[in-house]
>>> print(open('run-v4.cif').read())   # mmCIF, C-alpha atoms
data_protein
loop_
_atom_site.label_atom_id
_atom_site.label_comp_id
_atom_site.auth_asym_id
_atom_site.auth_seq_id
_atom_site.Cartn_x
_atom_site.Cartn_y
_atom_site.Cartn_z
CA MET N 1 -59.01 49.92 -6.41
CA ILE N 2 -60.94 50.63 -3.23
CA GLU N 3 -59.73 48.87 -0.09
CA ALA N 4 -62.88 46.81 0.50
CA LYS N 5 -62.81 45.46 -3.04
CA ARG N 6 -59.10 44.56 -2.80
CA VAL N 7 -59.65 42.63 0.43
CA THR N 8 -62.73 40.87 -0.95
CA THR N 9 -61.01 39.88 -4.18
CA LEU N 10 -57.97 38.62 -2.27
CA SER N 11 -60.15 36.52 0.04
CA MET N 12 -62.15 35.15 -2.85
CA LEU N 13 -59.02 34.12 -4.75
CA MET N 14 -57.58 32.59 -1.58
CA ALA N 15 -60.74 30.54 -1.09
CA ILE N 16 -60.64 29.33 -4.70
CA GLY N 17 -56.94 28.53 -4.30
CA ALA N 18 -57.54 26.50 -1.13
CA VAL N 19 -60.31 24.51 -2.82
CA LEU N 20 -58.12 23.85 -5.86
CA TYR N 21 -55.35 22.75 -3.50
CA LEU N 22 -57.76 20.27 -1.91
CA LEU N 23 -59.09 19.01 -5.25
CA GLU N 24 -55.67 18.59 -6.87
CA SER N 25 -54.50 16.44 -3.97
CA LEU N 26 -57.09 13.90 -5.17
CA ILE N 27 -55.29 13.60 -8.51
CA PRO N 28 -52.45 11.09 -8.16
CA PHE N 29 -49.00 12.59 -8.70
CA PRO N 30 -46.74 10.09 -10.45
CA LEU N 31 -43.44 11.13 -8.84
CA PRO N 32 -42.14 9.82 -5.50
CA ILE N 33 -42.02 13.18 -3.77
CA PRO N 34 -43.83 13.73 -0.47
CA GLY N 35 -46.45 16.39 -0.93
CA GLY N 36 -45.79 16.32 -4.66
CA ARG N 37 -48.70 18.05 -6.34
CA TRP N 38 -49.64 19.20 -9.81
CA GLY N 39 -49.79 22.84 -8.78
CA PHE N 40 -53.18 23.73 -10.22
CA SER N 41 -53.86 25.94 -7.20
CA ASN N 42 -51.26 28.37 -8.51
CA LEU N 43 -53.89 29.32 -11.06
CA VAL N 44 -55.19 31.95 -8.65
CA LEU N 45 -51.74 33.56 -8.49
CA MET N 46 -51.85 34.08 -12.25
CA ILE N 47 -55.27 35.72 -12.01
CA ALA N 48 -54.02 37.89 -9.14
CA LEU N 49 -50.99 39.00 -11.17
CA ALA N 50 -53.27 41.09 -13.36
CA GLY N 51 -54.31 43.49 -10.64
CA LEU N 52 -53.03 42.89 -7.11
CA PRO N 53 -49.82 44.34 -5.61
CA PHE N 54 -46.88 42.06 -4.78
CA GLY N 55 -47.60 41.84 -1.04
CA ASP N 56 -51.11 40.59 -1.72
CA ILE N 57 -49.90 37.97 -4.19
CA LEU N 58 -47.43 36.68 -1.60
CA THR N 59 -50.16 36.61 1.06
CA LEU N 60 -52.39 34.78 -1.38
CA SER N 61 -49.78 32.14 -2.19
CA ILE N 62 -48.91 31.41 1.44
CA GLY N 63 -52.51 31.70 2.62
CA LYS N 64 -53.86 29.19 0.13
CA SER N 65 -51.11 26.73 1.09
CA ILE N 66 -51.89 27.02 4.80
CA ILE N 67 -55.66 26.73 4.38
CA GLY N 68 -55.32 24.00 1.75
CA SER N 69 -52.94 21.94 3.86
CA LEU N 70 -55.25 22.32 6.87
CA LEU N 71 -58.00 20.82 4.72
CA THR N 72 -55.83 17.97 3.46
CA GLY N 73 -54.21 17.35 6.87
CA ARG N 74 -50.70 18.07 5.64
CA LEU N 75 -49.91 21.09 7.77
CA ALA N 76 -46.38 21.06 9.22
CA THR N 77 -45.26 18.02 7.23
CA PRO N 78 -42.09 18.19 5.09
CA GLY N 79 -44.32 18.35 2.04
CA PHE N 80 -46.02 21.46 3.40
CA LEU N 81 -42.70 23.27 3.93
CA MET N 82 -41.67 22.39 0.40
CA GLY N 83 -45.03 23.59 -0.92
CA VAL N 84 -44.83 26.96 0.84
CA ALA N 85 -41.26 27.56 -0.34
CA GLY N 86 -42.28 26.59 -3.86
CA THR N 87 -45.43 28.66 -4.10
CA ALA N 88 -43.86 31.77 -2.53
CA SER N 89 -40.87 31.67 -4.88
CA ALA N 90 -43.21 31.06 -7.81
CA ALA N 91 -45.24 34.11 -6.78
CA ALA N 92 -42.09 36.27 -6.68
CA THR N 93 -40.85 34.98 -10.05
CA MET N 94 -44.17 35.42 -11.78
CA TRP N 95 -44.58 38.92 -10.36
CA LEU N 96 -41.09 39.94 -11.56
CA LEU N 97 -41.61 38.49 -15.06
CA ASN N 98 -45.01 40.15 -15.28
CA LYS N 99 -43.43 43.49 -14.27
CA THR N 100 -41.14 43.39 -17.32
CA ARG N 101 -44.23 43.30 -19.58
CA LYS N 102 -42.25 41.22 -22.06
CA PHE N 103 -43.69 37.80 -21.34
CA GLY N 104 -47.07 36.23 -21.92
CA LEU N 105 -48.99 34.21 -19.37
CA LEU N 106 -47.66 30.92 -20.76
CA GLY N 107 -44.01 31.87 -20.24
CA ILE N 108 -44.71 33.41 -16.83
CA SER N 109 -46.53 30.28 -15.73
CA ILE N 110 -43.85 27.83 -16.91
CA ALA N 111 -41.07 29.92 -15.37
CA GLY N 112 -43.04 30.05 -12.11
CA ALA N 113 -43.44 26.27 -12.13
CA ALA N 114 -39.75 25.73 -12.87
CA VAL N 115 -38.66 28.01 -9.99
CA SER N 116 -41.27 26.48 -7.69
CA ASN N 117 -40.09 22.93 -8.37
CA PHE N 118 -36.47 23.97 -7.94
CA SER N 119 -37.03 25.58 -4.55
CA GLN N 120 -39.10 22.60 -3.42
CA LEU N 121 -36.21 20.28 -4.19
CA MET N 122 -33.75 22.70 -2.57
CA VAL N 123 -35.80 22.66 0.65
CA ALA N 124 -36.04 18.87 0.50
CA SER N 125 -32.32 18.45 -0.13
CA SER N 126 -31.13 20.97 2.46
CA LEU N 127 -33.57 20.31 5.32
CA ILE N 128 -34.85 16.79 4.89
CA VAL N 129 -32.84 14.34 2.82
CA LYS N 130 -29.56 16.29 3.25
CA SER N 131 -28.40 15.08 -0.13
CA ILE N 132 -28.15 16.98 -3.38
CA GLU N 133 -28.90 13.78 -5.34
CA ILE N 134 -32.62 14.45 -5.08
CA ILE N 135 -32.07 17.16 -7.68
CA PHE N 136 -32.11 14.37 -10.30
CA LEU N 137 -35.87 14.32 -9.87
CA TYR N 138 -35.97 17.89 -11.19
CA PRO N 139 -36.42 17.18 -14.93
CA TYR N 140 -39.34 14.86 -14.24
CA MET N 141 -40.98 17.46 -12.01
CA LEU N 142 -40.30 20.08 -14.65
CA ILE N 143 -42.06 18.07 -17.37
CA LEU N 144 -45.15 17.48 -15.20
CA GLY N 145 -45.00 21.06 -13.87
CA SER N 146 -44.91 22.49 -17.39
CA ILE N 147 -48.03 20.54 -18.33
CA SER N 148 -50.03 21.87 -15.39
CA ALA N 149 -48.48 25.34 -15.81
CA SER N 150 -49.68 25.48 -19.43
CA ILE N 151 -53.20 24.49 -18.37
CA ASN N 152 -53.06 27.13 -15.60
CA ALA N 153 -51.92 29.79 -18.04
CA TYR N 154 -54.74 29.03 -20.48
CA VAL N 155 -57.45 29.02 -17.80
CA ALA N 156 -56.07 32.22 -16.23
CA PHE N 157 -55.95 33.86 -19.66
CA GLU N 158 -59.59 33.00 -20.32
CA VAL N 159 -60.68 34.19 -16.87
CA ILE N 160 -58.81 37.49 -17.24
CA ARG N 161 -60.12 37.97 -20.79
CA ARG N 162 -63.72 37.39 -19.78
CA MET N 163 -63.90 39.14 -16.43
CA GLY N 164 -60.62 40.97 -15.88
CA ASP N 165 -62.20 44.40 -15.86
CA SER N 166 -64.97 43.52 -13.44
CA LEU N 167 -62.36 41.92 -11.14
CA TRP N 168 -59.96 44.81 -11.00
CA GLN N 169 -61.85 48.02 -11.70
CA ASP N 170 -64.19 49.83 -9.37
CA MET Q 1 -52.45 40.56 -20.78
CA LYS Q 2 -51.31 38.34 -23.58
CA PHE Q 3 -51.30 34.56 -23.50
CA PHE Q 4 -48.17 34.12 -25.55
CA THR Q 5 -45.37 36.41 -26.69
CA ARG Q 6 -42.19 35.74 -28.60
CA ASN Q 7 -40.15 35.93 -25.39
CA ASP Q 8 -42.10 32.96 -24.05
CA ILE Q 9 -40.35 30.76 -26.59
CA LEU Q 10 -37.09 31.48 -24.74
CA ILE Q 11 -38.56 30.23 -21.47
CA VAL Q 12 -39.92 27.07 -23.12
CA ILE Q 13 -36.54 26.40 -24.79
CA ALA Q 14 -34.73 26.96 -21.48
CA ALA Q 15 -37.04 24.46 -19.77
CA PHE Q 16 -36.43 21.90 -22.53
CA ALA Q 17 -32.68 22.42 -22.29
CA ILE Q 18 -32.72 21.76 -18.53
CA VAL Q 19 -34.73 18.57 -19.03
CA ILE Q 20 -32.41 17.28 -21.76
CA LEU Q 21 -29.27 18.16 -19.77
CA PHE Q 22 -30.51 16.26 -16.75
CA VAL Q 23 -32.19 13.26 -18.31
CA PHE Q 24 -29.23 11.98 -20.35
CA PRO Q 25 -27.76 9.23 -18.19
CA ARG Q 26 -24.32 10.10 -16.96
CA GLY Q 27 -22.24 7.00 -17.49
CA LYS Q 28 -23.27 3.39 -17.60
CA ALA Q 29 -24.77 1.85 -14.50
CA SER Q 30 -22.34 -0.24 -12.47
CA SER Q 31 -23.46 -3.22 -10.42
CA PHE Q 32 -23.36 -1.37 -7.12
CA ALA Q 33 -25.98 0.68 -5.32
CA GLU Q 34 -25.23 3.10 -2.51
CA VAL Q 35 -27.54 3.89 0.39
CA TYR Q 36 -27.28 7.34 1.93
CA HIS Q 37 -28.85 8.37 5.21
CA ASP Q 38 -28.77 12.07 6.17
CA GLY Q 39 -26.37 12.55 3.27
CA ARG Q 40 -23.84 10.02 4.58
CA LEU Q 41 -23.04 6.77 2.82
CA VAL Q 42 -24.23 4.00 5.11
CA ARG Q 43 -24.16 0.94 2.89
CA THR Q 44 -23.07 -0.32 -0.49
CA ILE Q 45 -25.13 -3.09 -2.03
CA ASP Q 46 -23.91 -5.50 -4.70
CA LEU Q 47 -26.53 -5.85 -7.42
CA SER Q 48 -25.01 -8.87 -9.13
CA SER Q 49 -26.54 -11.36 -6.69
CA ASP Q 50 -30.20 -11.44 -5.73
CA SER Q 51 -30.91 -10.67 -2.08
CA GLU Q 52 -33.20 -9.01 0.40
CA ILE Q 53 -31.58 -6.59 2.83
CA PHE Q 54 -33.02 -4.96 5.92
CA LEU Q 55 -31.76 -1.41 6.44
CA ASP Q 56 -31.52 0.13 9.92
CA VAL Q 57 -33.65 3.09 8.89
CA GLY Q 58 -36.68 0.80 8.70
CA MET Q 59 -36.67 -0.17 5.05
CA VAL Q 60 -36.36 -3.52 3.30
CA VAL Q 61 -34.71 -3.45 -0.10
CA LYS Q 62 -34.75 -6.22 -2.64
CA VAL Q 63 -32.17 -6.89 -5.33
CA GLN Q 64 -33.32 -8.89 -8.32
CA ASP Q 65 -31.87 -9.16 -11.84
CA GLY Q 66 -29.53 -6.23 -11.22
CA ARG Q 67 -32.38 -3.95 -10.23
CA ILE Q 68 -32.97 -2.59 -6.75
CA SER Q 69 -36.28 -1.72 -5.16
CA VAL Q 70 -37.69 -0.91 -1.76
CA ILE Q 71 -40.27 -3.54 -0.86
CA ASP Q 72 -41.18 -2.32 2.62
CA SER Q 73 -40.70 0.85 4.61
CA ASP Q 74 -42.03 2.25 7.86
CA CYS Q 75 -42.78 5.65 6.36
CA PRO Q 76 -46.43 6.75 6.11
CA GLU Q 77 -46.90 7.23 2.38
CA LYS Q 78 -44.63 4.45 1.06
CA LEU Q 79 -43.75 6.44 -2.04
CA CYS Q 80 -40.38 4.72 -2.18
CA VAL Q 81 -42.14 1.34 -2.41
CA SER Q 82 -44.48 2.47 -5.17
CA GLN Q 83 -41.55 3.81 -7.17
CA GLY Q 84 -40.56 0.27 -8.05
CA ALA Q 85 -37.18 -1.02 -9.13
CA ILE Q 86 -34.39 1.15 -10.54
CA SER Q 87 -31.46 0.09 -12.67
CA MET Q 88 -30.22 3.39 -14.09
CA THR Q 89 -28.03 6.10 -12.62
CA ASN Q 90 -30.25 9.02 -13.58
CA ILE Q 91 -33.06 8.59 -11.06
CA PRO Q 92 -32.52 7.62 -7.43
CA ILE Q 93 -35.02 6.16 -4.96
CA VAL Q 94 -35.73 8.83 -2.36
CA CYS Q 95 -37.51 8.35 0.93
CA VAL Q 96 -37.94 11.76 2.48
CA PRO Q 97 -39.52 10.70 5.81
CA ASN Q 98 -36.62 8.28 6.43
CA ARG Q 99 -34.11 10.82 5.02
CA THR Q 100 -32.73 8.03 2.87
CA LEU Q 101 -31.58 7.90 -0.70
CA ILE Q 102 -30.62 4.88 -2.80
CA LYS Q 103 -28.77 5.37 -6.05
CA ILE Q 104 -26.98 3.23 -8.58
CA VAL Q 105 -23.31 4.11 -8.81
CA SER Q 106 -22.16 5.31 -12.20
CA SER Q 107 -19.35 3.26 -13.69
CA GLN Q 108 -18.04 6.22 -15.69
CA PHE Q 109 -14.75 6.23 -13.83
CA GLU Q 110 -14.12 2.56 -14.49
CA VAL Q 111 -14.74 3.12 -18.20
CA ASP Q 112 -12.37 6.08 -18.20
CA ALA Q 113 -9.68 4.04 -16.50
CA ILE Q 114 -9.95 1.33 -19.14
CA THR Q 115 -9.96 3.69 -22.10
CA GLN Q 116 -6.95 5.54 -20.73
#
>>> encode(input="run-v4.cif", output="structure tokens")
Amino acid sequence: MIEAKRVTTLSMLMAIGAVLYLLESLIPFPLPIPGGRWGFSNLVLMIALAGLPFGDILTLSIGKSIIGSLLTGRLATPGFLMGVAGTASAAATMWLLNKTRKFGLLGISIAGAAVSNFSQLMVASSLIVKSIEIIFLYPYMLILGSISASINAYVAFEVIRRMGDSLWQD
Amino acid sequence: MKFFTRNDILIVIAAFAIVILFVFPRGKASSFAEVYHDGRLVRTIDLSSDSEIFLDVGMVVKVQDGRISVIDSDCPEKLCVSQGAISMTNIPIVCVPNRTLIKIVSSQFEVDAITQ
């Protein structure tokens, strides 16, 4: 892929991710976790998996969190730290699973959500609440996260199926 | 890229297993709740009598019918208030801005002592 196209695609996905981040914060999240979100903005990570290198996916995940939290006014809150840790670890997990070429988008997405939720709770328990008890919220997050992860996987699959080639080839 | 492969079933099963492992309540709920601040136990509350208690961290908790809830807090989002009352050991009330956690103590040890 030529450099200009890579940068443009990355920026475009980051913009979409930031907007999704803003929109999903309007959907109430039923768990008592600060900055708890559905995670629909991770949809752009799944689309990026198909053609961008790992560094770009990591940039994308952190970039969309920073821009999105600027828009929602959550920058530098505990929820933001949890979100960045979650989305970056999800990006790494999804990239690794995708590398093995053994998993479909659904499995990659659910595994990403599970790791993301886990690292969010780890950040909350080690830096903020200083209690491991918060981990008991994990199954509830996992159920909600799997729902949004499945939706993400389906939308990403349709996007890649319809326009994958025009996104990634010169 | 495929949407679904056979290996995905493993991931879904693993996720289910984690949920089931966690959600089963560990032990019956006893009639005591513990309040932790910064990971240290700061107060034990008896749930057998109804009361309203002001906590130093800026929260007011209410005990009614053996259930405990936070009815006021000085944190911005008040997620702990909207969580409502808890009476089971498997989900605590967490207030991240106040770094406070309220959980119902499991009476598993008491049961074990009796059965032994």
>>> residues_around(input="run-v4.cif", residues="Ser131 of chain N", least_positions_apart="5", cutoff="12 Å", atoms="all atoms listed in the file", output="JSON, numbers by chain")
{"N": [121, 122, 123, 124, 125, 126, 136], "Q": [35, 36, 37, 38, 39, 40, 41, 92, 94, 95, 96, 99, 100, 101, 102, 103]}
>>> interface_residues(input="run-v4.cif", of="chain N", to="chain Q", cutoff="8 Å", atoms="all atoms listed in the file", output="number ranges by chain")
N: 31-34, 50, 78, 102-108, 110-111, 114, 124, 128-131, 133-134, 136-140, 142-143, 153-154, 157, 160
>>> write_last_selection(input="run-v4.cif", atoms="C-alpha atoms", output="PDB file, in the coordinates of the input")
ATOM      1  CA  LEU N  31     -43.440  11.130  -8.840  1.00  0.00           C
ATOM      2  CA  PRO N  32     -42.140   9.820  -5.500  1.00  0.00           C
ATOM      3  CA  ILE N  33     -42.020  13.180  -3.770  1.00  0.00           C
ATOM      4  CA  PRO N  34     -43.830  13.730  -0.470  1.00  0.00           C
ATOM      5  CA  ALA N  50     -53.270  41.090 -13.360  1.00  0.00           C
ATOM      6  CA  PRO N  78     -42.090  18.190   5.090  1.00  0.00           C
ATOM      7  CA  LYS N 102     -42.250  41.220 -22.060  1.00  0.00           C
ATOM      8  CA  PHE N 103     -43.690  37.800 -21.340  1.00  0.00           C
ATOM      9  CA  GLY N 104     -47.070  36.230 -21.920  1.00  0.00           C
ATOM     10  CA  LEU N 105     -48.990  34.210 -19.370  1.00  0.00           C
ATOM     11  CA  LEU N 106     -47.660  30.920 -20.760  1.00  0.00           C
ATOM     12  CA  GLY N 107     -44.010  31.870 -20.240  1.00  0.00           C
ATOM     13  CA  ILE N 108     -44.710  33.410 -16.830  1.00  0.00           C
ATOM     14  CA  ILE N 110     -43.850  27.830 -16.910  1.00  0.00           C
ATOM     15  CA  ALA N 111     -41.070  29.920 -15.370  1.00  0.00           C
ATOM     16  CA  ALA N 114     -39.750  25.730 -12.870  1.00  0.00           C
ATOM     17  CA  ALA N 124     -36.040  18.870   0.500  1.00  0.00           C
ATOM     18  CA  ILE N 128     -34.850  16.790   4.890  1.00  0.00           C
ATOM     19  CA  VAL N 129     -32.840  14.340   2.820  1.00  0.00           C
ATOM     20  CA  LYS N 130     -29.560  16.290   3.250  1.00  0.00           C
ATOM     21  CA  SER N 131     -28.400  15.080  -0.130  1.00  0.00           C
ATOM     22  CA  GLU N 133     -28.900  13.780  -5.340  1.00  0.00           C
ATOM     23  CA  ILE N 134     -32.620  14.450  -5.080  1.00  0.00           C
ATOM     24  CA  PHE N 136     -32.110  14.370 -10.300  1.00  0.00           C
ATOM     25  CA  LEU N 137     -35.870  14.320  -9.870  1.00  0.00           C
ATOM     26  CA  TYR N 138     -35.970  17.890 -11.190  1.00  0.00           C
ATOM     27  CA  PRO N 139     -36.420  17.180 -14.930  1.00  0.00           C
ATOM     28  CA  TYR N 140     -39.340  14.860 -14.240  1.00  0.00           C
ATOM     29  CA  LEU N 142     -40.300  20.080 -14.650  1.00  0.00           C
ATOM     30  CA  ILE N 143     -42.060  18.070 -17.370  1.00  0.00           C
ATOM     31  CA  ALA N 153     -51.920  29.790 -18.040  1.00  0.00           C
ATOM     32  CA  TYR N 154     -54.740  29.030 -20.480  1.00  0.00           C
ATOM     33  CA  PHE N 157     -55.950  33.860 -19.660  1.00  0.00           C
ATOM     34  CA  ILE N 160     -58.810  37.490 -17.240  1.00  0.00           C
TER      35      ILE N 160
END
>>> closest_residue(input="run-v4.cif", among="Q:Lys28, Q:Ala85, Q:Ser51, Q:Ile104", to="Val70 of chain Q", atoms="only C-alpha atoms")
Q:Ala85
>>> atom_distance(input="run-v4.cif", atom1="atom CA of Leu23 of chain N", atom2="atom CA of Ser119 of chain N")
23.0 Å
>>> atom_distance(input="run-v4.cif", atom1="atom CA of Gln64 of chain Q", atom2="atom CA of Val105 of chain Q")
16.4 Å
>>> resolve_selection(input="run-v4.cif", expression="the PyMOL selection byres ((chain N and resi 1) around 12)", output="VMD selection string")
chain N and resid 2 to 9 51 to 53 165 to 170
>>> residues_near_point(input="run-v4.cif", point="(-53.8, 17.7, -0.8)", cutoff="7 Å", atoms="all atoms listed in the file", output="compact mmCIF listing (two decimals) with C-alpha atoms, in the coordinates of the input")
# COMPACT_ATOMS: atom_id res chain seq x y z
CA TYR N 21 -55.35 22.75 -3.50
CA LEU N 22 -57.76 20.27 -1.91
CA GLU N 24 -55.67 18.59 -6.87
CA SER N 25 -54.50 16.44 -3.97
CA LEU N 26 -57.09 13.90 -5.17
CA GLY N 68 -55.32 24.00 1.75
CA SER N 69 -52.94 21.94 3.86
CA THR N 72 -55.83 17.97 3.46
>>> atom_distance(input="run-v4.cif", atom1="atom CA of Ala88 of chain N", atom2="atom CA of Ile13 of chain Q")
24.0 Å
>>> axis_aligned_box(input="run-v4.cif", around="segment 73-79 of chain Q", padding_each_side="5 Å", output="JSON")
{"center_x": -43.8, "center_y": 4.0, "center_z": 2.9, "size_x": 16.2, "size_y": 16.4, "size_z": 19.9}
>>> closest_residue(input="run-v4.cif", among="N:Asn98, N:Ser148, N:Ala76, N:Ile135", to="Ile27 of chain N", atoms="all atoms listed in the file")
N:Ser148
>>> resolve_selection(input="run-v4.cif", expression="the PyMOL selection byres ((chain N and resi 64) around 12)", output="JSON, numbers by chain")
{"N": [10, 11, 12, 13, 14, 15, 16, 17, 18, 19, 20, 21, 22, 39, 40, 41, 42, 43, 44, 45, 56, 57, 58, 59, 60, 61, 62, 63, 65, 66, 67, 68, 69, 70, 71, 72, 75, 80, 83, 84, 87, 88]}
